[in-house]
Amino acid sequence: MTNGWDESASGWIADIGEEGDFGRKFVLDAPMMERLLDKGFRSALDVGCGEGRFCRMLGTKGIKAVGIDPTEALIRHARMQDPDGDYRIGRAEALEFPDASFDLVVSYLSLVDIPDIKTGIAEMVRVLKWGGALLIANLTSFNTAGQPEGWTKDPDGTPRFAIDHYMEERAEWVRWRGIRVQTWHRPLSSYMSVLLDLGLELRHFSEPMPNPSADPLRSELHRRVPYFLIMEWQKPAILPT
Ligand SMILES: C[S@@+](CC[C@H](N)C(=O)[O-])C[C@H]1O[C@@H](n2cnc3c(N)ncnc32)[C@H](O)[C@@H]1O
């Protein structure tokens with residue numbers, strides 16, 4: 001069954017543009033790039049790379065990135081934008097790379113789109129070098145628990161965001177600006193237990209807010225409801241005995 005990404009690819013490309021949508025441009029890009037500083041990463045895999053914008057950003061820092069994504073139209077666009085780049089059709093749940101191939105694995109807002117995170121994250125960790133980093137930006141589980149309605153209005157016009165059925169893992173169809181895709185809500189503990197059970201160590205956790213140049217009305221919504229989190233997990237440097 002389709003998850004909507006093939007049908008939404010052109011809407012997605014238009015919405016992201018070169019600078020990214022609001023969440024990327026004003027909230028996530030800067031703190032995600034900051035996590036790369038002084039780490040000496042040379043190779044990266046971007047899982048669910050979409051049309052490849054973050055791979056191109058990694059390239060500007062001298063990090064050789066491979067992007068994988070199951071949506072053919074997005075991979076086609078990534079190759080067009082960056083003919084020297086390495087973009088491949090693939091799914092998180094079955095990565096084509098040997099064990100311990102990359103210094104860095106990135107999942108930039110793709111975990112909510114991956115149906116089987118237990119297998120998908122295990123694959124990300126398998127292809128990561130010992131001592132390497134798994135860098136994740138994701139929608140918060142509080143936010144996805146408010147889908148598919150998202151923001152609604154009280155009878156007096158006050159914006160309201162209702163969280164419900166938080167503990168129930170589920171896929172929901174979500175629609176915005178010419179995009180209609182199926183995304184997953186999972187309680188935070190579902191993600192955390194998969195990451196912890198794989199023996200990863202949490203090195204960074206943040207809930208980034210829009211930067212001061214963002215539209216104040218949009219920033220106010222982020223103050224009311226948590227949108228994003230960033231986590232950096234390290235695969236231990238030494239094989240566990
Ligand atoms: C919200 S987009 C994020 C794209 C990109 N990382 C970015 O930030 O612009 C989620 C992406 O996950 C991809 N995706 C869906 N199912 C996937 C899977 N099983 N494995 C890897 N990626 C998947 C979709 O095709 C889509 O490109």
# chains A, B, ... in the order shown; residues from 1 in each chain; ligands from 1
$ residues_near_ligand --ligand "ligand 1" --cutoff "6 Å" --atoms "only C-alpha atoms and all ligand atoms" --output "PyMOL selection string"
chain A and resi 5+47-50+69-71+91-92+108-110+113-115
$ write_last_selection --atoms "N, CA, C and O atoms" --output "short mmCIF file (atom, residue, chain, number, x, y, z; two decimals), in the first residue's frame"
data_model
loop_
_atom_site.label_atom_id
_atom_site.label_comp_id
_atom_site.auth_asym_id
_atom_site.auth_seq_id
_atom_site.Cartn_x
_atom_site.Cartn_y
_atom_site.Cartn_z
N TRP A 5 4.00 9.13 -0.48
CA TRP A 5 5.19 9.90 -0.84
C TRP A 5 5.37 10.04 -2.36
O TRP A 5 5.79 11.09 -2.84
N VAL A 47 19.51 8.82 5.93
CA VAL A 47 18.45 7.82 5.73
C VAL A 47 17.10 8.53 5.62
O VAL A 47 16.67 9.21 6.55
N GLY A 48 16.45 8.37 4.46
CA GLY A 48 15.23 9.14 4.20
C GLY A 48 15.62 10.55 3.82
O GLY A 48 15.10 11.52 4.34
N CYS A 49 16.53 10.63 2.83
CA CYS A 49 17.16 11.92 2.49
C CYS A 49 16.23 12.84 1.70
O CYS A 49 16.55 14.02 1.49
N GLY A 50 15.06 12.32 1.25
CA GLY A 50 14.16 13.15 0.46
C GLY A 50 14.86 13.64 -0.80
O GLY A 50 15.51 12.87 -1.51
N ASP A 69 16.60 6.87 -0.08
CA ASP A 69 15.19 7.18 0.09
C ASP A 69 14.39 6.26 -0.84
O ASP A 69 14.83 6.01 -1.96
N PRO A 70 13.23 5.78 -0.38
CA PRO A 70 12.45 4.88 -1.25
C PRO A 70 11.66 5.61 -2.33
O PRO A 70 11.15 4.97 -3.25
N THR A 71 11.54 6.94 -2.26
CA THR A 71 10.67 7.67 -3.19
C THR A 71 11.47 8.07 -4.43
O THR A 71 12.32 8.98 -4.37
N ARG A 91 15.43 1.64 1.48
CA ARG A 91 14.61 1.79 2.67
C ARG A 91 15.49 1.59 3.89
O ARG A 91 16.43 0.78 3.87
N ALA A 92 15.13 2.30 4.97
CA ALA A 92 15.89 2.17 6.22
C ALA A 92 15.96 0.71 6.67
O ALA A 92 16.97 0.26 7.20
N TYR A 108 16.94 12.82 9.35
CA TYR A 108 16.43 14.20 9.48
C TYR A 108 14.93 14.14 9.19
O TYR A 108 14.51 14.06 8.03
N LEU A 109 14.13 14.13 10.23
CA LEU A 109 12.66 14.07 10.13
C LEU A 109 12.20 12.89 9.27
O LEU A 109 11.25 13.02 8.49
N SER A 110 12.88 11.75 9.41
CA SER A 110 12.42 10.58 8.66
C SER A 110 11.92 9.45 9.56
O SER A 110 11.22 8.56 9.08
N ASP A 113 8.36 8.63 9.40
CA ASP A 113 7.88 8.08 8.13
C ASP A 113 8.29 6.62 7.93
O ASP A 113 7.92 6.02 6.93
N ILE A 114 9.09 6.09 8.83
CA ILE A 114 9.62 4.73 8.65
C ILE A 114 8.69 3.75 9.39
O ILE A 114 8.53 3.86 10.61
N PRO A 115 8.07 2.82 8.64
CA PRO A 115 7.08 1.95 9.29
C PRO A 115 7.68 1.05 10.38
O PRO A 115 7.08 0.87 11.42
#
$ select_by_dssp --residues "segment 3-205 of chain A" --states "strand (DSSP E or B)" --output "ChimeraX atom specification"
/A:43-47,64-69,86-89,102-108,128-139,151-153,159-161,170-176,179-185,201-205
$ atom_distance --atom1 "atom CA of Glu93 of chain A" --atom2 "atom CA of Lys118 of chain A"
8.4 Å
$ atom_distance --atom1 "atom CA of Ala162 of chain A" --atom2 "atom CA of Met231 of chain A"
25.1 Å
$ residues_around --residues "Glu220 of chain A" --least-positions-apart "6" --cutoff "12 Å" --atoms "only C-alpha atoms" --output "list in words"
Pro159, Met209, Pro210, Asn211, Pro212, Ala214, Pro226 and Tyr227 of chain A
$ select_by_dssp --residues "segment 107-181 of chain A" --states "alpha helix (DSSP H)" --output "list in words"
Ile117, Lys118, Thr119, Gly120, Ile121, Ala122, Glu123, Met124, Val125, Arg126, Ser141, Phe142, Asn143 and Thr144 of chain A
$ write_last_selection --atoms "N, CA and C atoms" --output "PDB file, in the first residue's frame"
ATOM      1  N   ILE A 117      10.530   0.873  12.784  1.00  0.00           N
ATOM      2  CA  ILE A 117      11.715   1.567  13.333  1.00  0.00           C
ATOM      3  C   ILE A 117      12.658   0.605  14.043  1.00  0.00           C
ATOM      4  N   LYS A 118      12.133  -0.513  14.541  1.00  0.00           N
ATOM      5  CA  LYS A 118      13.035  -1.444  15.234  1.00  0.00           C
ATOM      6  C   LYS A 118      14.090  -1.953  14.244  1.00  0.00           C
ATOM      7  N   THR A 119      13.631  -2.359  13.065  1.00  0.00           N
ATOM      8  CA  THR A 119      14.573  -2.833  12.042  1.00  0.00           C
ATOM      9  C   THR A 119      15.344  -1.652  11.446  1.00  0.00           C
ATOM     10  N   GLY A 120      14.640  -0.547  11.185  1.00  0.00           N
ATOM     11  CA  GLY A 120      15.272   0.611  10.541  1.00  0.00           C
ATOM     12  C   GLY A 120      16.411   1.177  11.377  1.00  0.00           C
ATOM     13  N   ILE A 121      16.174   1.358  12.668  1.00  0.00           N
ATOM     14  CA  ILE A 121      17.233   1.938  13.521  1.00  0.00           C
ATOM     15  C   ILE A 121      18.361   0.907  13.701  1.00  0.00           C
ATOM     16  N   ALA A 122      17.999  -0.369  13.817  1.00  0.00           N
ATOM     17  CA  ALA A 122      19.056  -1.402  13.947  1.00  0.00           C
ATOM     18  C   ALA A 122      19.956  -1.374  12.705  1.00  0.00           C
ATOM     19  N   GLU A 123      19.373  -1.159  11.537  1.00  0.00           N
ATOM     20  CA  GLU A 123      20.153  -1.066  10.302  1.00  0.00           C
ATOM     21  C   GLU A 123      21.063   0.174  10.330  1.00  0.00           C
ATOM     22  N   MET A 124      20.523   1.306  10.805  1.00  0.00           N
ATOM     23  CA  MET A 124      21.334   2.532  10.880  1.00  0.00           C
ATOM     24  C   MET A 124      22.552   2.284  11.784  1.00  0.00           C
ATOM     25  N   VAL A 125      22.319   1.575  12.878  1.00  0.00           N
ATOM     26  CA  VAL A 125      23.409   1.334  13.834  1.00  0.00           C
ATOM     27  C   VAL A 125      24.403   0.316  13.258  1.00  0.00           C
ATOM     28  N   ARG A 126      23.882  -0.650  12.538  1.00  0.00           N
ATOM     29  CA  ARG A 126      24.776  -1.663  11.929  1.00  0.00           C
ATOM     30  C   ARG A 126      25.790  -1.017  10.984  1.00  0.00           C
ATOM     31  N   SER A 141       6.869  13.319  20.011  1.00  0.00           N
ATOM     32  CA  SER A 141       5.708  12.432  20.133  1.00  0.00           C
ATOM     33  C   SER A 141       4.496  13.205  20.640  1.00  0.00           C
ATOM     34  N   PHE A 142       4.719  14.303  21.373  1.00  0.00           N
ATOM     35  CA  PHE A 142       3.578  15.131  21.807  1.00  0.00           C
ATOM     36  C   PHE A 142       2.904  15.713  20.560  1.00  0.00           C
ATOM     37  N   ASN A 143       3.723  16.117  19.609  1.00  0.00           N
ATOM     38  CA  ASN A 143       3.193  16.719  18.388  1.00  0.00           C
ATOM     39  C   ASN A 143       2.440  15.683  17.545  1.00  0.00           C
ATOM     40  N   THR A 144       3.060  14.525  17.334  1.00  0.00           N
ATOM     41  CA  THR A 144       2.391  13.534  16.471  1.00  0.00           C
ATOM     42  C   THR A 144       1.127  12.988  17.148  1.00  0.00           C
TER      43      THR A 144
END
$ decode --residues "segment 79-115 of chain A" --atoms "N, CA and C atoms" --output "mmCIF file, in the first residue's frame"
data_model
loop_
_atom_site.group_PDB
_atom_site.id
_atom_site.type_symbol
_atom_site.label_atom_id
_atom_site.label_comp_id
_atom_site.auth_asym_id
_atom_site.auth_seq_id
_atom_site.Cartn_x
_atom_site.Cartn_y
_atom_site.Cartn_z
ATOM 1 N N ARG A 79 19.477 13.771 -7.505
ATOM 2 C CA ARG A 79 20.575 13.552 -8.488
ATOM 3 C C ARG A 79 20.692 14.729 -9.440
ATOM 4 N N MET A 80 19.528 15.313 -9.796
ATOM 5 C CA MET A 80 19.536 16.456 -10.711
ATOM 6 C C MET A 80 20.193 17.672 -10.041
ATOM 7 N N GLN A 81 19.875 17.876 -8.768
ATOM 8 C CA GLN A 81 20.407 19.021 -8.024
ATOM 9 C C GLN A 81 21.897 18.892 -7.761
ATOM 10 N N ASP A 82 22.350 17.639 -7.658
ATOM 11 C CA ASP A 82 23.717 17.387 -7.213
ATOM 12 C C ASP A 82 24.276 16.189 -7.994
ATOM 13 N N PRO A 83 24.615 16.432 -9.282
ATOM 14 C CA PRO A 83 25.007 15.310 -10.153
ATOM 15 C C PRO A 83 26.229 14.540 -9.639
ATOM 16 N N ASP A 84 27.056 15.167 -8.833
ATOM 17 C CA ASP A 84 28.225 14.443 -8.314
ATOM 18 C C ASP A 84 27.918 13.695 -7.017
ATOM 19 N N GLY A 85 26.714 13.877 -6.517
ATOM 20 C CA GLY A 85 26.354 13.237 -5.243
ATOM 21 C C GLY A 85 26.025 11.766 -5.412
ATOM 22 N N ASP A 86 25.802 11.080 -4.296
ATOM 23 C CA ASP A 86 25.501 9.644 -4.308
ATOM 24 C C ASP A 86 24.120 9.446 -3.663
ATOM 25 N N TYR A 87 23.111 9.286 -4.509
ATOM 26 C CA TYR A 87 21.729 9.145 -4.038
ATOM 27 C C TYR A 87 21.179 7.824 -4.545
ATOM 28 N N ARG A 88 20.599 7.039 -3.647
ATOM 29 C CA ARG A 88 20.162 5.699 -4.029
ATOM 30 C C ARG A 88 18.753 5.434 -3.504
ATOM 31 N N ILE A 89 18.029 4.635 -4.282
ATOM 32 C CA ILE A 89 16.713 4.181 -3.823
ATOM 33 C C ILE A 89 16.948 3.139 -2.731
ATOM 34 N N GLY A 90 16.322 3.305 -1.606
ATOM 35 C CA GLY A 90 16.497 2.312 -0.540
ATOM 36 C C GLY A 90 15.595 2.622 0.625
ATOM 37 N N ARG A 91 15.434 1.636 1.476
ATOM 38 C CA ARG A 91 14.613 1.795 2.673
ATOM 39 C C ARG A 91 15.494 1.592 3.891
ATOM 40 N N ALA A 92 15.129 2.296 4.970
ATOM 41 C CA ALA A 92 15.889 2.167 6.216
ATOM 42 C C ALA A 92 15.957 0.708 6.671
ATOM 43 N N GLU A 93 14.871 -0.013 6.430
ATOM 44 C CA GLU A 93 14.765 -1.362 7.006
ATOM 45 C C GLU A 93 15.695 -2.365 6.329
ATOM 46 N N ALA A 94 16.297 -2.023 5.177
ATOM 47 C CA ALA A 94 17.201 -2.965 4.482
ATOM 48 C C ALA A 94 18.285 -2.150 3.787
ATOM 49 N N LEU A 95 19.278 -1.710 4.546
ATOM 50 C CA LEU A 95 20.332 -0.867 3.961
ATOM 51 C C LEU A 95 21.319 -1.742 3.207
ATOM 52 N N GLU A 96 21.786 -1.234 2.074
ATOM 53 C CA GLU A 96 22.631 -2.047 1.184
ATOM 54 C C GLU A 96 24.118 -1.993 1.552
ATOM 55 N N PHE A 97 24.477 -1.352 2.667
ATOM 56 C CA PHE A 97 25.884 -1.097 2.968
ATOM 57 C C PHE A 97 26.447 -2.124 3.952
ATOM 58 N N PRO A 98 27.756 -2.388 3.866
ATOM 59 C CA PRO A 98 28.372 -3.305 4.828
ATOM 60 C C PRO A 98 28.344 -2.728 6.245
ATOM 61 N N ASP A 99 28.565 -3.567 7.230
ATOM 62 C CA ASP A 99 28.649 -3.126 8.623
ATOM 63 C C ASP A 99 29.720 -2.046 8.739
ATOM 64 N N ALA A 100 29.540 -1.137 9.689
ATOM 65 C CA ALA A 100 30.545 -0.147 10.076
ATOM 66 C C ALA A 100 31.110 0.637 8.883
ATOM 67 N N SER A 101 30.213 1.187 8.052
ATOM 68 C CA SER A 101 30.658 1.893 6.845
ATOM 69 C C SER A 101 30.804 3.403 7.025
ATOM 70 N N PHE A 102 30.040 4.011 7.956
ATOM 71 C CA PHE A 102 29.944 5.474 8.005
ATOM 72 C C PHE A 102 30.325 6.032 9.385
ATOM 73 N N ASP A 103 30.941 7.247 9.359
ATOM 74 C CA ASP A 103 31.238 7.956 10.619
ATOM 75 C C ASP A 103 29.962 8.490 11.259
ATOM 76 N N LEU A 104 28.999 8.838 10.384
ATOM 77 C CA LEU A 104 27.791 9.526 10.837
ATOM 78 C C LEU A 104 26.595 8.962 10.071
ATOM 79 N N VAL A 105 25.517 8.684 10.799
ATOM 80 C CA VAL A 105 24.245 8.354 10.142
ATOM 81 C C VAL A 105 23.241 9.406 10.588
ATOM 82 N N VAL A 106 22.498 9.949 9.613
ATOM 83 C CA VAL A 106 21.540 11.021 9.897
ATOM 84 C C VAL A 106 20.130 10.540 9.575
ATOM 85 N N SER A 107 19.215 10.851 10.462
ATOM 86 C CA SER A 107 17.789 10.702 10.145
ATOM 87 C C SER A 107 17.158 12.063 10.423
ATOM 88 N N TYR A 108 16.936 12.822 9.349
ATOM 89 C CA TYR A 108 16.425 14.197 9.480
ATOM 90 C C TYR A 108 14.925 14.141 9.192
ATOM 91 N N LEU A 109 14.130 14.131 10.234
ATOM 92 C CA LEU A 109 12.658 14.066 10.129
ATOM 93 C C LEU A 109 12.196 12.888 9.274
ATOM 94 N N SER A 110 12.883 11.748 9.407
ATOM 95 C CA SER A 110 12.425 10.580 8.656
ATOM 96 C C SER A 110 11.921 9.453 9.555
ATOM 97 N N LEU A 111 12.225 9.476 10.865
ATOM 98 C CA LEU A 111 11.773 8.353 11.706
ATOM 99 C C LEU A 111 10.253 8.251 11.725
ATOM 100 N N VAL A 112 9.559 9.409 11.693
ATOM 101 C CA VAL A 112 8.085 9.365 11.705
ATOM 102 C C VAL A 112 7.518 8.758 10.431
ATOM 103 N N ASP A 113 8.360 8.630 9.398
ATOM 104 C CA ASP A 113 7.884 8.076 8.125
ATOM 105 C C ASP A 113 8.290 6.622 7.929
ATOM 106 N N ILE A 114 9.094 6.092 8.834
ATOM 107 C CA ILE A 114 9.616 4.734 8.654
ATOM 108 C C ILE A 114 8.693 3.752 9.393
ATOM 109 N N PRO A 115 8.070 2.824 8.638
ATOM 110 C CA PRO A 115 7.084 1.952 9.286
ATOM 111 C C PRO A 115 7.683 1.046 10.377
#
